[in-house]
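Heads up: the structure comes next, in structure tokens.
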Amino acid sequence: MLEGRPAFPNAPTAYRAVFRWANRYNTRRRHSAIGNITPNAYETATFAILTEAA
């Protein structure tokens, strides 16, 4: 249960809410610890650097 929000009525509803949150967190929310880019962009850039190094 999230603070300030009512409990989810069932498991599928909770699953969808968590999936939406994780999707936003990884694809649209910028993170200051990795240069104010999204985790997906960071992973793509890191993979490109590692591929060049190999």
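The chains in the structure tokens are called A, B, ... from first to last as shown; in each chain the residues are counted from 1, and the ligands are counted from 1 in the order shown.
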Name all residues at most 12 Å from range 41-46 of chain A (count only C-alpha atoms; drop same-chain ones fewer than 3 positions away) and give them as a list of chain:residue names.
->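 In the requested form, the answer reads A:Asn26, A:Thr27, A:Arg28, A:Arg29, A:Arg30, A:His31, A:Ser32, A:Ala33, A:Ile34, A:Gly35, A:Asn36, A:Ile37, A:Thr38, A:Ile49, A:Leu50, A:Thr51, A:Glu52, A:Ala53.
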Would you please extract all alpha helix (DSSP H) residues from chain A, as assigned by DSSP on the backbone, and give them as a short mmCIF file (atom, residue, chain, number, x, y, z; two decimals) with N, CA and C atoms, in the first residue's frame?
data_model
loop_
_atom_site.label_atom_id
_atom_site.label_comp_id
_atom_site.auth_asym_id
_atom_site.auth_seq_id
_atom_site.Cartn_x
_atom_site.Cartn_y
_atom_site.Cartn_z
N ALA A 11 -5.08 -7.73 -7.15
CA ALA A 11 -3.69 -7.91 -7.59
C ALA A 11 -3.45 -7.39 -9.01
N PRO A 12 -4.33 -7.64 -9.99
CA PRO A 12 -4.07 -7.12 -11.33
C PRO A 12 -3.98 -5.59 -11.38
N THR A 13 -4.80 -4.92 -10.59
CA THR A 13 -4.75 -3.46 -10.54
C THR A 13 -3.43 -2.99 -9.95
N ALA A 14 -2.98 -3.65 -8.91
CA ALA A 14 -1.69 -3.31 -8.30
C ALA A 14 -0.56 -3.57 -9.28
N TYR A 15 -0.61 -4.68 -9.98
CA TYR A 15 0.43 -5.03 -10.96
C TYR A 15 0.53 -3.96 -12.04
N ARG A 16 -0.61 -3.52 -12.57
CA ARG A 16 -0.61 -2.49 -13.62
C ARG A 16 -0.03 -1.18 -13.11
N ALA A 17 -0.37 -0.81 -11.88
CA ALA A 17 0.14 0.44 -11.32
C ALA A 17 1.65 0.38 -11.14
N VAL A 18 2.16 -0.74 -10.66
CA VAL A 18 3.60 -0.90 -10.48
C VAL A 18 4.30 -0.91 -11.83
N PHE A 19 3.73 -1.58 -12.82
CA PHE A 19 4.32 -1.62 -14.15
C PHE A 19 4.40 -0.22 -14.75
N ARG A 20 3.32 0.56 -14.62
CA ARG A 20 3.33 1.94 -15.15
C ARG A 20 4.40 2.77 -14.46
N TRP A 21 4.52 2.63 -13.13
CA TRP A 21 5.52 3.38 -12.38
C TRP A 21 6.93 2.99 -12.83
N ALA A 22 7.22 1.71 -12.93
CA ALA A 22 8.55 1.25 -13.33
C ALA A 22 8.87 1.68 -14.76
N ASN A 23 7.88 1.63 -15.63
CA ASN A 23 8.09 2.05 -17.01
C ASN A 23 8.45 3.53 -17.07
N ARG A 24 7.73 4.36 -16.35
CA ARG A 24 8.03 5.79 -16.32
C ARG A 24 9.40 6.03 -15.69
N TYR A 25 9.68 5.35 -14.61
CA TYR A 25 10.94 5.54 -13.88
C TYR A 25 12.14 5.23 -14.77
N ASN A 26 12.03 4.23 -15.61
CA ASN A 26 13.17 3.82 -16.44
C ASN A 26 13.22 4.46 -17.82
N THR A 27 12.10 4.99 -18.30
CA THR A 27 12.10 5.51 -19.67
C THR A 27 11.95 7.02 -19.77
N PRO A 39 17.52 6.09 -17.26
CA PRO A 39 18.29 4.86 -17.15
C PRO A 39 18.41 4.12 -18.48
N ASN A 40 17.36 4.14 -19.30
CA ASN A 40 17.44 3.47 -20.61
C ASN A 40 18.49 4.14 -21.49
N ALA A 41 18.54 5.47 -21.51
CA ALA A 41 19.53 6.18 -22.31
C ALA A 41 20.94 5.89 -21.79
N TYR A 42 21.09 5.84 -20.48
CA TYR A 42 22.39 5.53 -19.89
C TYR A 42 22.85 4.12 -20.28
N GLU A 43 21.95 3.18 -20.20
CA GLU A 43 22.29 1.80 -20.56
C GLU A 43 22.67 1.70 -22.04
N THR A 44 21.94 2.39 -22.90
CA THR A 44 22.25 2.37 -24.33
C THR A 44 23.63 2.97 -24.58
N ALA A 45 23.93 4.11 -23.94
CA ALA A 45 25.23 4.75 -24.13
C ALA A 45 26.36 3.88 -23.58
N THR A 46 26.15 3.28 -22.42
CA THR A 46 27.17 2.43 -21.81
C THR A 46 27.41 1.20 -22.67
N PHE A 47 26.36 0.62 -23.20
CA PHE A 47 26.51 -0.55 -24.06
C PHE A 47 27.30 -0.20 -25.32
N ALA A 48 27.05 0.99 -25.88
CA ALA A 48 27.78 1.42 -27.08
C ALA A 48 29.27 1.57 -26.78
N ILE A 49 29.60 2.13 -25.62
CA ILE A 49 31.00 2.30 -25.23
C ILE A 49 31.66 0.94 -25.03
N LEU A 50 30.97 0.03 -24.36
CA LEU A 50 31.53 -1.30 -24.12
C LEU A 50 31.71 -2.07 -25.43
N THR A 51 30.80 -1.88 -26.37
CA THR A 51 30.90 -2.55 -27.66
C THR A 51 32.12 -2.04 -28.42
N GLU A 52 32.37 -0.73 -28.37
CA GLU A 52 33.55 -0.16 -29.03
C GLU A 52 34.84 -0.68 -28.40
N ALA A 53 34.84 -0.82 -27.08
CA ALA A 53 36.04 -1.27 -26.37
C ALA A 53 36.37 -2.72 -26.69
#
